[in-house]
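For reference, the structure is listed below as structure tokens.
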Amino acid sequence: MTRYLLSKLGQAIVTIVLVVLVVFALLRFMPTAGYFSKEQYKEMSDAEKNAYLRNMGVLDPLPTQLYNFVSGLFKGDLGRSITLYPNMPISTVLGEKIPYSLLLNFISWFVSAIIGIPLGMAMAGNKSGIVDGLGTLYVVIIRAVPSIIIHFFIQVFLSRWFDLPMLFYMDQPVSWILPVVSMSIGSIAGYATWLRRYVVDEENKDYIKFATVKGLPKRFIMWRHIFRNAIVPIAINIPSDFLLMLSGSLVIESMYAIPGTGGLLIKSITAMDNPLVQILVLLYGALSVLGVFLGDIVVSFVDPRIKLVGGNDD
């Protein structure tokens with residue numbers, strides 16, 4: 001297992017380095033107008049613009065810019081927003097918005113897991129029965145109906161039926177209910193669908209049939225063998241899902257006026273805020289890589305059989 005984890009760690013580090021290089025290179029092709037506020041760009045002469053860019057280090061040789069960029073990251077200096085949040089440190093921007101997205105997404109992920117996983121197990125244990133039929137109907141509706149229509153229905157009708165606030169207020173937990181419901185319904189369907197599929201696949205394998213023939217209790221077989229193996233493909237995605245909560249939800253955060261990170265990348269690109277775009281792309285890329293690595297760690301503990309092919313476990 002040690003060699004397996006070290007190999008995955010090495011792959012993650014190499015991937016993050018490549019992400020840094022690619023993001024750094026691509027952002028150098030963006031218009032230099034993204035380093036000025038609208039007022040600055042209109043009022044400055046060409047000479048003043050060049051002096052401003054030179055002072056920022058944008059006109060330095062690329063190796064020097066890369067060194068300054070990477071050393072700034074290690075020092076915790078993410079730069080400053082230029083156009084979207086003029087002269088505000090990017091760390092401050094993220095520090096203000098991430099808690100909102102993280103709070104609601106974590107609650108919705110928890111709700112999805114505690115409902116979706118038992119639902120998937122119940123559907124698998126009641127194949128072609130009422131529970132399986134109702135669960136399948138729920139999944140089909142969630143998958144077939146456009147999400148924006150479902151979110152609109154939740155916001156308008158559930159708020160009316162249960163007298164719930166239609167907008168988000170941090171100091172009113174009751175106003176969190178509708179956003180959490182909107183964020184969790186899709187994940188509930190996903191957990192239920194995939195777990196049902198993996199459980200059914202495991203039930204049809206020879207080792208399960210052999211265990212049944214031996215007379216082992218059905219409950220023991222379900223939890224000791226079937227569930228333990230069926231949960232592995234789902235467990236690998238849990239860390240990624242958790243880390244990507246930081247990116248928020250563009251549609252839901254807009255609908256409920258949640259001041260989170262949802263849509264922040266799109267807004268920064270539209271505003272041509274080069275420093276903010278650079279940090280956000282790097283952040284989301286690094287979170288994706290880290291999520292995959294943590295998923296490998298989770299799977300290595302959930303499934304002890306995981307090891308490098310052709311290697312000896314240390």
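If you're wondering about the labels, chains in the structure tokens are A, B, ... by order shown, residues count from 1 in each chain, ligands from 1 in order shown.
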*Extract, using only C-alpha atoms, all DNA, RNA and protein residues at most 12 Å from Phe293 (chain A), discarding same-chain residues fewer than 6 positions from it, and format them as a PyMOL selection string.*
chain A and resi 4-16+236-240+243+286-287+299-300
Based on the selection just made, write C-alpha atoms of those residues as a PDB file, in the first residue's frame.
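Done, and the output landed in part-v3.pdb:
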ATOM      1  CA  TYR A   4       0.802   2.605  -4.170  1.00  0.00           C
ATOM      2  CA  LEU A   5       0.222   5.804  -2.172  1.00  0.00           C
ATOM      3  CA  LEU A   6       3.704   7.182  -2.930  1.00  0.00           C
ATOM      4  CA  SER A   7       3.116   6.557  -6.623  1.00  0.00           C
ATOM      5  CA  LYS A   8      -0.230   8.365  -6.523  1.00  0.00           C
ATOM      6  CA  LEU A   9       1.333  11.250  -4.551  1.00  0.00           C
ATOM      7  CA  GLY A  10       4.059  11.605  -7.162  1.00  0.00           C
ATOM      8  CA  GLN A  11       1.483  11.651  -9.942  1.00  0.00           C
ATOM      9  CA  ALA A  12      -0.537  14.307  -8.089  1.00  0.00           C
ATOM     10  CA  ILE A  13       2.527  16.533  -7.588  1.00  0.00           C
ATOM     11  CA  VAL A  14       3.540  16.256 -11.241  1.00  0.00           C
ATOM     12  CA  THR A  15      -0.020  17.036 -12.345  1.00  0.00           C
ATOM     13  CA  ILE A  16      -0.257  20.112 -10.101  1.00  0.00           C
ATOM     14  CA  ILE A 236     -13.342   7.243  -4.626  1.00  0.00           C
ATOM     15  CA  ASN A 237     -15.439  10.270  -5.636  1.00  0.00           C
ATOM     16  CA  ILE A 238     -16.291  11.505  -2.141  1.00  0.00           C
ATOM     17  CA  PRO A 239     -13.096  13.574  -1.579  1.00  0.00           C
ATOM     18  CA  SER A 240     -13.445  15.199  -5.018  1.00  0.00           C
ATOM     19  CA  LEU A 243     -13.253  19.679  -2.278  1.00  0.00           C
ATOM     20  CA  ALA A 286      -5.435  21.806  -7.852  1.00  0.00           C
ATOM     21  CA  LEU A 287      -8.603  20.847  -5.956  1.00  0.00           C
ATOM     22  CA  VAL A 299     -10.075   3.400  -1.708  1.00  0.00           C
ATOM     23  CA  SER A 300      -6.766   1.954  -0.501  1.00  0.00           C
TER      24      SER A 300
END
*From a DSSP pass on the backbone, collect the residues of region 237-287 of chain A flagged as helix (DSSP H, G or I) and hand them back as a PyMOL selection string.*
chain A and resi 238-247+250-255+264-270+274-287
*A:Thr2, A:Arg228, A:Leu59, A:Ile90 ranked by distance to Ser268 (chain A), top pick (using only C-alpha atoms)*: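 Closest candidate: A:Ile90.
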Sorted by chain and rising residue number, which residues of region 178-250 of chain A lie within 9 Å of region 119-122 of chain A, and what are their closest atom pairs and distances in Å to one decimal, counting only C-alpha atoms, as JSON lines?
{"residue": "A:Ile188", "atom": "CA", "partner": "A:Leu119", "partner_atom": "CA", "distance": 8.3}
{"residue": "A:Ala189", "atom": "CA", "partner": "A:Gly120", "partner_atom": "CA", "distance": 8.7}
{"residue": "A:Tyr191", "atom": "CA", "partner": "A:Gly120", "partner_atom": "CA", "distance": 6.8}
{"residue": "A:Ala192", "atom": "CA", "partner": "A:Gly120", "partner_atom": "CA", "distance": 3.8}
{"residue": "A:Thr193", "atom": "CA", "partner": "A:Gly120", "partner_atom": "CA", "distance": 6.3}
{"residue": "A:Trp194", "atom": "CA", "partner": "A:Gly120", "partner_atom": "CA", "distance": 7.5}
{"residue": "A:Leu195", "atom": "CA", "partner": "A:Gly120", "partner_atom": "CA", "distance": 5.3}
{"residue": "A:Arg196", "atom": "CA", "partner": "A:Gly120", "partner_atom": "CA", "distance": 4.7}
{"residue": "A:Arg197", "atom": "CA", "partner": "A:Gly120", "partner_atom": "CA", "distance": 8.4}
{"residue": "A:Val199", "atom": "CA", "partner": "A:Met121", "partner_atom": "CA", "distance": 7.5}
{"residue": "A:Phe227", "atom": "CA", "partner": "A:Met121", "partner_atom": "CA", "distance": 8.3}
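Distance-wise, CA of Asn274 (chain A) and CA of Val17 (chain A) end up 19.8 Å apart.
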*asked:* Restricting the calculation to only C-alpha atoms: of A:Asn126, A:Gln172, A:Ser147, A:Ser81, which residue gets closest to Val200 (chain A)?
replied: A:Asn126
*asked:* Excluding Asp163 (chain A) and its own-chain neighbours fewer than 3 positions away, which residues fall within 12 Å of it when counting only C-alpha atoms? Please give them as JSON, numbers by chain.
replied: {"A": [155, 156, 157, 158, 159, 160, 166, 174, 175, 177, 178]}
*With only C-alpha atoms as the atoms that count, which of A:Pro63, A:Gly190, A:Gly260, A:Pro217 lies nearest to Ala113 (chain A)?*
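Using only C-alpha atoms, the shortest distance to Ala113 (chain A) belongs to A:Gly190.
In this comparison, which uses only C-alpha atoms, the residue of A:Val131, A:Leu78, A:Leu21, A:Ser45 approaching Leu66 (chain A) most closely is A:Leu21.
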_Shell of 12 Å around Asp206 (chain A), only C-alpha atoms, local chain residues under 6 positions omitted, as a list in words_ = Thr212, Val213 and Ile226 of chain A
*Which is closer to Arg143 (chain A) than all the others in A:Leu18, A:Ile185, A:Met44, A:Val111, using only C-alpha atoms?*
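Among the listed residues, A:Ile185 lies closest to Arg143 (chain A).
Considering only C-alpha atoms, the residue among A:Ser247, A:Tyr35, A:Glu96, A:Lys205 positioned nearest to Gly57 (chain A) is A:Tyr35.
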